[in-house]
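Here's query-v3.cif, which has mmCIF, C-alpha atoms:
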```
data_protein
loop_
_atom_site.label_atom_id
_atom_site.label_comp_id
_atom_site.auth_asym_id
_atom_site.auth_seq_id
_atom_site.Cartn_x
_atom_site.Cartn_y
_atom_site.Cartn_z
CA MET A 1 11.93 16.45 -46.46
CA PRO A 2 14.76 17.43 -44.08
CA LYS A 3 14.70 16.04 -40.58
CA PRO A 4 13.79 18.70 -38.01
CA ALA A 5 16.60 19.75 -35.75
CA ASN A 6 16.47 18.64 -32.14
CA THR A 7 15.68 21.35 -29.60
CA ARG A 8 18.61 22.12 -27.33
CA TYR A 9 18.17 23.42 -23.82
CA ARG A 10 20.79 25.29 -21.82
CA THR A 11 20.89 25.75 -18.08
CA THR A 12 21.38 29.40 -17.21
CA ASN A 13 20.46 29.45 -13.50
CA TRP A 14 23.28 27.19 -12.28
CA SER A 15 23.05 28.30 -8.65
CA ASP A 16 19.36 27.37 -8.41
CA TYR A 17 20.00 24.15 -10.31
CA ASN A 18 22.78 23.08 -7.95
CA ALA A 19 20.66 23.95 -4.91
CA SER A 20 17.78 21.82 -6.20
CA LEU A 21 20.13 18.88 -6.76
CA LYS A 22 21.37 19.13 -3.18
CA ARG A 23 17.81 19.31 -1.85
CA ARG A 24 17.13 15.91 -3.41
CA GLY A 25 19.39 14.33 -0.80
CA SER A 26 17.88 16.11 2.20
CA LEU A 27 15.97 14.02 4.74
CA SER A 28 13.46 15.08 7.39
CA VAL A 29 11.65 12.68 9.71
CA TRP A 30 8.97 13.90 12.11
CA PHE A 31 7.61 11.94 15.08
CA ASP A 32 4.30 13.07 16.52
CA PRO A 33 4.83 13.28 20.32
CA ASP A 34 1.12 12.54 20.84
CA MET A 35 1.08 9.29 18.85
CA SER A 36 0.38 6.03 20.70
CA TRP A 37 3.86 4.50 20.63
CA GLN A 38 3.27 2.03 23.45
CA ALA A 39 0.41 -0.47 23.36
CA GLU A 40 -2.63 0.00 25.53
CA ARG A 41 -3.89 -2.66 27.90
CA ASN A 42 -6.48 -4.85 26.21
CA GLY A 43 -7.44 -7.06 29.17
CA ARG A 44 -6.50 -10.30 27.41
CA CYS A 45 -4.68 -13.18 29.04
CA GLY A 46 -0.96 -13.58 28.52
CA HIS A 47 1.94 -11.17 28.37
CA PRO A 48 0.75 -7.75 27.14
CA GLU A 49 2.33 -6.20 24.08
CA THR A 50 4.74 -3.35 24.70
CA PHE A 51 4.52 -1.49 21.38
CA SER A 52 1.46 -0.40 19.45
CA ASP A 53 0.76 -1.36 15.84
CA SER A 54 1.57 2.23 14.84
CA ALA A 55 5.06 1.93 16.32
CA ILE A 56 5.73 -1.39 14.59
CA GLN A 57 4.42 -0.08 11.28
CA THR A 58 6.62 3.01 11.56
CA CYS A 59 9.73 0.86 12.05
CA LEU A 60 8.82 -1.48 9.20
CA THR A 61 8.09 1.46 6.90
CA LEU A 62 11.60 2.83 7.50
CA LYS A 63 12.99 -0.67 6.95
CA VAL A 64 11.38 -0.95 3.52
CA LEU A 65 12.12 2.67 2.58
CA PHE A 66 15.88 2.35 3.17
CA GLY A 67 16.21 -1.39 2.39
CA LEU A 68 17.65 -2.27 5.80
CA PRO A 69 17.78 -5.55 7.74
CA LEU A 70 15.89 -5.65 11.01
CA ARG A 71 18.91 -5.01 13.24
CA GLN A 72 19.95 -1.94 11.26
CA THR A 73 16.33 -0.77 11.33
CA VAL A 74 16.41 -0.84 15.13
CA GLY A 75 19.55 1.31 15.12
CA LEU A 76 18.06 3.80 12.65
CA VAL A 77 14.84 4.20 14.65
CA ALA A 78 16.78 4.59 17.90
CA SER A 79 18.94 7.36 16.44
CA LEU A 80 15.92 9.19 14.97
CA ILE A 81 14.04 9.05 18.26
CA LYS A 82 17.12 10.34 20.09
CA MET A 83 17.52 13.25 17.66
CA ALA A 84 13.82 14.05 18.10
CA GLY A 85 14.37 14.39 21.85
CA LEU A 86 11.91 11.64 22.78
CA ASP A 87 12.35 9.01 25.47
CA TRP A 88 10.47 6.24 23.67
CA PRO A 89 11.78 2.67 23.83
CA VAL A 90 12.67 0.96 20.57
CA PRO A 91 11.41 -2.54 19.65
CA ASP A 92 14.17 -5.08 19.12
CA TYR A 93 14.57 -7.02 15.89
CA SER A 94 12.88 -10.17 17.20
CA THR A 95 9.78 -8.15 18.15
CA LEU A 96 9.64 -6.59 14.69
CA CYS A 97 10.05 -10.00 13.06
CA ARG A 98 7.29 -11.54 15.16
CA ARG A 99 4.80 -8.68 14.90
CA GLN A 100 5.15 -8.10 11.15
CA ALA A 101 3.69 -11.55 10.41
CA ARG A 102 0.35 -10.82 12.09
CA MET A 103 0.02 -7.05 12.13
CA ALA A 104 -2.92 -5.40 10.42
CA VAL A 105 -1.47 -2.58 8.30
CA GLN A 106 -3.13 0.79 8.89
CA ILE A 107 -3.68 2.63 5.61
CA PRO A 108 -3.84 6.41 6.04
CA TYR A 109 -6.44 8.17 3.94
CA ARG A 110 -8.07 11.54 3.42
CA ARG A 111 -11.80 12.13 3.77
CA SER A 112 -13.42 14.40 1.21
CA GLY A 113 -16.44 15.14 3.39
CA ALA A 114 -18.82 13.72 0.80
CA PRO A 115 -20.18 10.16 0.43
CA LEU A 116 -17.67 7.73 -1.00
CA ASN A 117 -17.55 6.81 -4.67
CA LEU A 118 -15.45 3.64 -4.74
CA LEU A 119 -13.66 2.22 -7.75
CA ILE A 120 -12.85 -1.49 -7.32
CA ASP A 121 -10.48 -3.59 -9.43
CA SER A 122 -7.56 -5.99 -9.10
CA THR A 123 -4.04 -6.30 -10.49
CA GLY A 124 -1.28 -8.89 -10.48
CA ILE A 125 2.19 -8.75 -8.90
CA ARG A 126 4.94 -11.11 -10.07
CA PHE A 127 7.23 -12.06 -7.21
CA ARG A 128 9.15 -15.00 -8.69
CA GLY A 129 10.40 -15.99 -12.13
CA ASP A 130 11.92 -14.27 -15.16
CA GLY A 131 10.53 -11.12 -16.75
CA GLU A 132 8.72 -10.96 -20.08
CA TRP A 133 11.75 -9.81 -22.10
CA LEU A 134 14.12 -12.38 -20.59
CA SER A 135 11.62 -15.20 -21.14
CA ARG A 136 11.14 -14.32 -24.80
CA LYS A 137 14.85 -13.77 -25.44
CA HIS A 138 16.37 -16.74 -23.64
CA GLY A 139 13.42 -18.87 -22.56
CA ALA A 140 11.99 -19.18 -19.08
CA THR A 141 14.41 -20.67 -16.55
CA ARG A 142 11.86 -21.11 -13.79
CA ARG A 143 8.11 -20.88 -13.42
CA ARG A 144 6.69 -17.46 -12.78
CA GLU A 145 4.41 -16.97 -9.78
CA TRP A 146 1.92 -14.19 -9.22
CA ARG A 147 -0.19 -12.76 -6.45
CA LYS A 148 -3.37 -10.78 -6.95
CA VAL A 149 -4.03 -7.43 -5.26
CA HIS A 150 -7.66 -6.32 -4.87
CA LEU A 151 -8.08 -2.56 -4.41
CA ALA A 152 -10.88 -0.15 -3.55
CA MET A 153 -10.04 3.49 -4.38
CA ASP A 154 -11.82 6.70 -3.46
CA THR A 155 -12.34 8.52 -6.76
CA ALA A 156 -12.46 11.95 -5.06
CA THR A 157 -9.07 11.76 -3.32
CA GLY A 158 -7.32 8.90 -5.18
CA ASP A 159 -6.55 7.17 -1.86
CA ILE A 160 -6.65 3.40 -1.46
CA ARG A 161 -9.39 2.68 1.08
CA ALA A 162 -9.27 -1.14 1.14
CA VAL A 163 -6.87 -3.85 -0.04
CA GLU A 164 -6.76 -7.65 -0.11
CA PHE A 165 -3.93 -10.00 -1.22
CA THR A 166 -4.86 -13.40 -2.63
CA SER A 167 -3.56 -16.19 -4.79
CA SER A 168 -3.65 -15.67 -8.54
CA ARG A 169 -5.96 -18.68 -8.87
CA LEU A 170 -8.83 -16.91 -7.11
CA GLY A 171 -11.33 -14.70 -8.87
CA ASP A 172 -12.18 -11.05 -8.30
CA SER A 173 -15.84 -11.03 -7.32
CA PRO A 174 -15.62 -13.10 -4.07
CA PHE A 175 -13.50 -10.39 -2.43
CA LEU A 176 -15.70 -7.36 -3.07
CA PRO A 177 -17.63 -7.91 0.21
CA GLU A 178 -14.31 -8.10 2.11
CA LEU A 179 -13.20 -4.81 0.56
CA LEU A 180 -16.43 -3.06 1.51
CA SER A 181 -16.21 -4.42 5.06
CA GLN A 182 -12.96 -2.46 5.55
CA ILE A 183 -14.82 0.84 5.17
CA PRO A 184 -15.80 2.25 8.59
CA ALA A 185 -19.44 1.69 9.45
CA GLY A 186 -20.18 5.38 9.90
CA GLU A 187 -18.90 6.38 6.47
CA GLU A 188 -21.52 6.56 3.73
CA ILE A 189 -20.88 4.91 0.36
CA GLU A 190 -22.75 6.42 -2.55
CA THR A 191 -21.59 4.34 -5.54
CA VAL A 192 -19.41 1.30 -6.21
CA THR A 193 -17.96 1.06 -9.72
CA ALA A 194 -16.38 -2.13 -11.05
CA ASP A 195 -15.99 -4.06 -14.31
CA GLY A 196 -17.99 -7.03 -15.57
CA ALA A 197 -16.04 -9.52 -13.44
CA TYR A 198 -18.07 -8.29 -10.45
CA ASP A 199 -21.45 -8.84 -12.11
CA THR A 200 -22.58 -11.46 -9.58
CA ARG A 201 -25.47 -11.71 -7.13
CA ARG A 202 -23.08 -11.76 -4.20
CA CYS A 203 -21.48 -8.48 -5.24
CA TYR A 204 -24.81 -6.75 -5.80
CA ALA A 205 -26.06 -7.95 -2.41
CA ALA A 206 -22.94 -6.66 -0.63
CA ILE A 207 -23.17 -3.26 -2.35
CA LEU A 208 -26.89 -2.84 -1.60
CA GLU A 209 -26.28 -3.91 2.00
CA HIS A 210 -24.03 -0.85 2.40
CA GLY A 211 -26.73 1.38 0.90
CA ALA A 212 -24.69 2.10 -2.23
CA GLU A 213 -25.57 2.12 -5.92
CA PRO A 214 -23.75 -0.52 -8.03
CA ILE A 215 -22.29 0.67 -11.35
CA ILE A 216 -21.29 -2.61 -13.00
CA PRO A 217 -21.67 -3.49 -16.69
CA ILE A 218 -23.75 -6.59 -17.30
CA ARG A 219 -21.72 -9.43 -18.79
CA ARG A 220 -22.89 -12.53 -20.59
CA ASN A 221 -23.85 -15.33 -18.19
CA GLY A 222 -23.24 -13.01 -15.24
CA ARG A 223 -24.82 -12.77 -11.78
CA ALA A 224 -23.83 -16.26 -10.69
#
```
Whole structure, C-alpha cells version:
Amino acid sequence: MPKPANTRYRTTNWSDYNASLKRRGSLSVWFDPDMSWQAERNGRCGHPETFSDSAIQTCLTLKVLFGLPLRQTVGLVASLIKMAGLDWPVPDYSTLCRRQARMAVQIPYRRSGAPLNLLIDSTGIRFRGDGEWLSRKHGATRRREWRKVHLAMDTATGDIRAVEFTSSRLGDSPFLPELLSQIPAGEEIETVTADGAYDTRRCYAAILEHGAEPIIPIRRNGRA
C-alpha cells in the first residue's frame, strides 16, 4: 500500500501573515490609576510600610515575566510608570527583596455568580536534579527534589481559587481545610470534588463545615 502524500500548505496572504508576526512582539502595560499603590495605615507599632502588597506583586510579576534582576525590575517599573503619566514612587530593590519573602500573593479570579463547585488535587514540581531522560541516559548526577502544590479550582471558570505549597513528604488530605479556608466567608460552596486520597474524617468535617457536599470516592481503609 503506497504511503499517503503529506499535505502541503502555502501562505497566500503574506501581508496579513507579516502583520501578525509583528504583533507578537507588541507590548502594552496598563496601570489602573485607582489602584492602591501606597500602603494604608494599619495602626501597628513600628515604621509603616510605604507600598501596598498590590504594588509589590506588580513589580515582582514583571520581574518574573521578563526574567530581570531586582535592580533592573526597579528601572523597568519606573519607566512604565513615567510613560503612563503617573507620579507614583517606585520601591527600591531592597524593599522588593524584603517584602517578597513574606508577602501573601493575591490570586485574581472571576466569579460565576453561582455557588462554587471546587475541584481539589495536588501535583509535584521538581526544582532540583536531573530530568527523567538525562537520568535514564547517563544516570542521575544529583538527587532530585520536589515540592507539592495543592490546588482548588473553580470548575465553572477554571480559575485557581486556593493554593498551598508543601514538602513532597506531606500528604494531600491534611491541607484540604487550609484550601477551603482561603475561600471568602460570604461565598457559598456547593460541592467539593477530590480523589480517594481525601477520603478522611478531617476532610469530610471541613467540607460539611462550609455547608458543601463532598464528592469523594471511598477508598479501602479510608476515613482515618
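The gap separating CA of Gly196 (chain A) from CA of Ile218 (chain A) is 6.0 Å, in Å to one decimal.
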task = Carefully work through the PyMOL selection byres ((chain A and resi 189) around 7) for this structure and note down the residues it includes, as a PyMOL selection string.
result = chain A and resi 115-117+187-188+190-191+210-212
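Atom pair CA of Pro217 (chain A) / CA of Asp199 (chain A) has a distance of 7.0 Å (rounded to one decimal).
Here CA of Met35 (chain A) stands at a distance of 17.4 Å from CA of Ala104 (chain A).
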task = Step by step, work through what the PyMOL selection byres ((chain A and resi 156) around 12) selects in the shown file, and finish by giving those residues as a list of chain:residue names.
result = A:Tyr109, A:Arg110, A:Arg111, A:Ser112, A:Gly113, A:Ala114, A:Pro115, A:Leu116, A:Asn117, A:Leu118, A:Leu119, A:Met153, A:Asp154, A:Thr155, A:Thr157, A:Gly158, A:Asp159, A:Ile160, A:Arg161, A:Glu190, A:Thr191
task = Would you list the contacts of Val149 (chain A) as a list in words, taking every protein, DNA or RNA residue within 10 Å and counting all atoms listed in the file, but skipping same-chain residues closer than 5 positions in sequence?
result = Asp121, Ser122, Thr123, Gly124, Ile125, Val163, Glu164, Phe165, Thr166, Ser167, Ser168 and Asp172 of chain A
task = Mind checking which residues fall within 9 Å of region 173-180 of chain A, counting all atoms listed in the file, ignoring those fewer than 6 positions away in the same chain, and posting them as a PyMOL selection string?
result = chain A and resi 120+150-152+161-164+197-200+202-203+205-207+210
Selection above as a file: C-alpha atoms, as a PDB file, in the coordinates of the input:
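Result file follows (out_34.pdb):
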```pdb
ATOM      1  CA  ILE A 120     -12.850  -1.490  -7.320  1.00  0.00           C
ATOM      2  CA  HIS A 150      -7.660  -6.320  -4.870  1.00  0.00           C
ATOM      3  CA  LEU A 151      -8.080  -2.560  -4.410  1.00  0.00           C
ATOM      4  CA  ALA A 152     -10.880  -0.150  -3.550  1.00  0.00           C
ATOM      5  CA  ARG A 161      -9.390   2.680   1.080  1.00  0.00           C
ATOM      6  CA  ALA A 162      -9.270  -1.140   1.140  1.00  0.00           C
ATOM      7  CA  VAL A 163      -6.870  -3.850  -0.040  1.00  0.00           C
ATOM      8  CA  GLU A 164      -6.760  -7.650  -0.110  1.00  0.00           C
ATOM      9  CA  ALA A 197     -16.040  -9.520 -13.440  1.00  0.00           C
ATOM     10  CA  TYR A 198     -18.070  -8.290 -10.450  1.00  0.00           C
ATOM     11  CA  ASP A 199     -21.450  -8.840 -12.110  1.00  0.00           C
ATOM     12  CA  THR A 200     -22.580 -11.460  -9.580  1.00  0.00           C
ATOM     13  CA  ARG A 202     -23.080 -11.760  -4.200  1.00  0.00           C
ATOM     14  CA  CYS A 203     -21.480  -8.480  -5.240  1.00  0.00           C
ATOM     15  CA  ALA A 205     -26.060  -7.950  -2.410  1.00  0.00           C
ATOM     16  CA  ALA A 206     -22.940  -6.660  -0.630  1.00  0.00           C
ATOM     17  CA  ILE A 207     -23.170  -3.260  -2.350  1.00  0.00           C
ATOM     18  CA  HIS A 210     -24.030  -0.850   2.400  1.00  0.00           C
TER      19      HIS A 210
END
```
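Those residues positioned at most 8 Å from (-0.5, -0.5, 22.3) are Ser36, Trp37, Gln38, Ala39, Glu40, Arg41, Glu49, Thr50, Phe51, Ser52 and Asp53 of chain A, judged using all atoms listed in the file.
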task = Write out as a list in words the residues lying within 10 Å of region 57-69 of chain A, counting all atoms listed in the file and excluding same-chain residues fewer than 6 positions away.
result = Phe31, Trp37, Leu76, Val77, Ala78, Val90, Pro91, Tyr93, Leu96, Cys97, Arg99, Gln100, Met103, Ala104, Val105 and Gln106 of chain A
For region 11-22 of chain A, where the input has fewer atoms than it should, I would like all heavy atoms rebuilt and written as an mmCIF file, keeping the file's coordinate frame.
```cif
data_model
loop_
_atom_site.group_PDB
_atom_site.id
_atom_site.type_symbol
_atom_site.label_atom_id
_atom_site.label_comp_id
_atom_site.auth_asym_id
_atom_site.auth_seq_id
_atom_site.Cartn_x
_atom_site.Cartn_y
_atom_site.Cartn_z
ATOM 1 N N THR A 11 21.151 25.326 -19.450
ATOM 2 C CA THR A 11 20.890 25.750 -18.080
ATOM 3 C C THR A 11 21.607 27.065 -17.830
ATOM 4 O O THR A 11 22.831 27.168 -17.988
ATOM 5 C CB THR A 11 21.391 24.685 -17.079
ATOM 6 O OG1 THR A 11 20.732 23.450 -17.343
ATOM 7 C CG2 THR A 11 21.089 25.100 -15.659
ATOM 8 N N THR A 12 20.817 28.078 -17.461
ATOM 9 C CA THR A 12 21.380 29.400 -17.210
ATOM 10 C C THR A 12 21.422 29.749 -15.722
ATOM 11 O O THR A 12 22.266 30.543 -15.294
ATOM 12 C CB THR A 12 20.570 30.480 -17.953
ATOM 13 O OG1 THR A 12 19.185 30.390 -17.552
ATOM 14 C CG2 THR A 12 20.659 30.268 -19.466
ATOM 15 N N ASN A 13 20.499 29.165 -14.942
ATOM 16 C CA ASN A 13 20.460 29.450 -13.500
ATOM 17 C C ASN A 13 21.180 28.328 -12.744
ATOM 18 O O ASN A 13 20.573 27.517 -12.060
ATOM 19 C CB ASN A 13 19.025 29.600 -13.020
ATOM 20 C CG ASN A 13 18.169 28.397 -13.367
ATOM 21 O OD1 ASN A 13 18.498 27.634 -14.272
ATOM 22 N ND2 ASN A 13 17.079 28.223 -12.649
ATOM 23 N N TRP A 14 22.502 28.290 -12.867
ATOM 24 C CA TRP A 14 23.280 27.190 -12.280
ATOM 25 C C TRP A 14 23.201 27.156 -10.768
ATOM 26 O O TRP A 14 23.199 26.084 -10.156
ATOM 27 C CB TRP A 14 24.744 27.314 -12.721
ATOM 28 C CG TRP A 14 24.975 26.824 -14.118
ATOM 29 C CD1 TRP A 14 25.175 27.569 -15.227
ATOM 30 C CD2 TRP A 14 24.983 25.458 -14.527
ATOM 31 N NE1 TRP A 14 25.325 26.763 -16.342
ATOM 32 C CE2 TRP A 14 25.215 25.451 -15.927
ATOM 33 C CE3 TRP A 14 24.831 24.243 -13.882
ATOM 34 C CZ2 TRP A 14 25.293 24.290 -16.678
ATOM 35 C CZ3 TRP A 14 24.908 23.070 -14.626
ATOM 36 C CH2 TRP A 14 25.125 23.107 -16.004
ATOM 37 N N SER A 15 23.119 28.296 -10.116
ATOM 38 C CA SER A 15 23.050 28.300 -8.650
ATOM 39 C C SER A 15 21.755 27.651 -8.157
ATOM 40 O O SER A 15 21.769 26.834 -7.225
ATOM 41 C CB SER A 15 23.158 29.732 -8.124
ATOM 42 O OG SER A 15 22.109 30.538 -8.660
ATOM 43 N N ASP A 16 20.634 27.996 -8.794
ATOM 44 C CA ASP A 16 19.360 27.370 -8.410
ATOM 45 C C ASP A 16 19.348 25.899 -8.762
ATOM 46 O O ASP A 16 18.792 25.072 -8.024
ATOM 47 C CB ASP A 16 18.200 28.085 -9.104
ATOM 48 C CG ASP A 16 18.057 29.538 -8.666
ATOM 49 O OD1 ASP A 16 18.548 29.859 -7.566
ATOM 50 O OD2 ASP A 16 17.475 30.329 -9.423
ATOM 51 N N TYR A 17 19.957 25.553 -9.890
ATOM 52 C CA TYR A 17 20.000 24.150 -10.310
ATOM 53 C C TYR A 17 20.820 23.306 -9.334
ATOM 54 O O TYR A 17 20.403 22.217 -8.938
ATOM 55 C CB TYR A 17 20.583 24.076 -11.718
ATOM 56 C CG TYR A 17 20.697 22.668 -12.260
ATOM 57 C CD1 TYR A 17 19.555 21.948 -12.591
ATOM 58 C CD2 TYR A 17 21.944 22.069 -12.437
ATOM 59 C CE1 TYR A 17 19.645 20.657 -13.087
ATOM 60 C CE2 TYR A 17 22.044 20.777 -12.940
ATOM 61 C CZ TYR A 17 20.896 20.079 -13.263
ATOM 62 O OH TYR A 17 21.002 18.814 -13.744
ATOM 63 N N ASN A 18 21.959 23.811 -8.911
ATOM 64 C CA ASN A 18 22.780 23.080 -7.950
ATOM 65 C C ASN A 18 22.071 22.953 -6.602
ATOM 66 O O ASN A 18 22.159 21.914 -5.936
ATOM 67 C CB ASN A 18 24.130 23.786 -7.766
ATOM 68 C CG ASN A 18 25.031 23.632 -8.977
ATOM 69 O OD1 ASN A 18 24.918 22.657 -9.716
ATOM 70 N ND2 ASN A 18 25.911 24.597 -9.190
ATOM 71 N N ALA A 19 21.388 24.013 -6.187
ATOM 72 C CA ALA A 19 20.660 23.950 -4.910
ATOM 73 C C ALA A 19 19.546 22.918 -4.958
ATOM 74 O O ALA A 19 19.305 22.202 -3.978
ATOM 75 C CB ALA A 19 20.100 25.330 -4.567
ATOM 76 N N SER A 20 18.856 22.820 -6.089
ATOM 77 C CA SER A 20 17.780 21.820 -6.200
ATOM 78 C C SER A 20 18.339 20.403 -6.196
ATOM 79 O O SER A 20 17.716 19.492 -5.645
ATOM 80 C CB SER A 20 16.978 22.066 -7.477
ATOM 81 O OG SER A 20 17.786 21.872 -8.635
ATOM 82 N N LEU A 21 19.512 20.198 -6.794
ATOM 83 C CA LEU A 21 20.130 18.880 -6.760
ATOM 84 C C LEU A 21 20.511 18.484 -5.343
ATOM 85 O O LEU A 21 20.360 17.324 -4.942
ATOM 86 C CB LEU A 21 21.364 18.849 -7.672
ATOM 87 C CG LEU A 21 21.113 18.933 -9.179
ATOM 88 C CD1 LEU A 21 22.444 18.913 -9.928
ATOM 89 C CD2 LEU A 21 20.224 17.795 -9.662
ATOM 90 N N LYS A 22 21.001 19.437 -4.559
ATOM 91 C CA LYS A 22 21.370 19.130 -3.180
ATOM 92 C C LYS A 22 20.129 18.852 -2.327
ATOM 93 O O LYS A 22 20.175 18.027 -1.411
ATOM 94 C CB LYS A 22 22.179 20.290 -2.587
ATOM 95 C CG LYS A 22 23.589 20.401 -3.168
ATOM 96 C CD LYS A 22 24.411 21.432 -2.441
ATOM 97 C CE LYS A 22 23.957 22.828 -2.749
ATOM 98 N NZ LYS A 22 24.841 23.844 -2.114
#
```
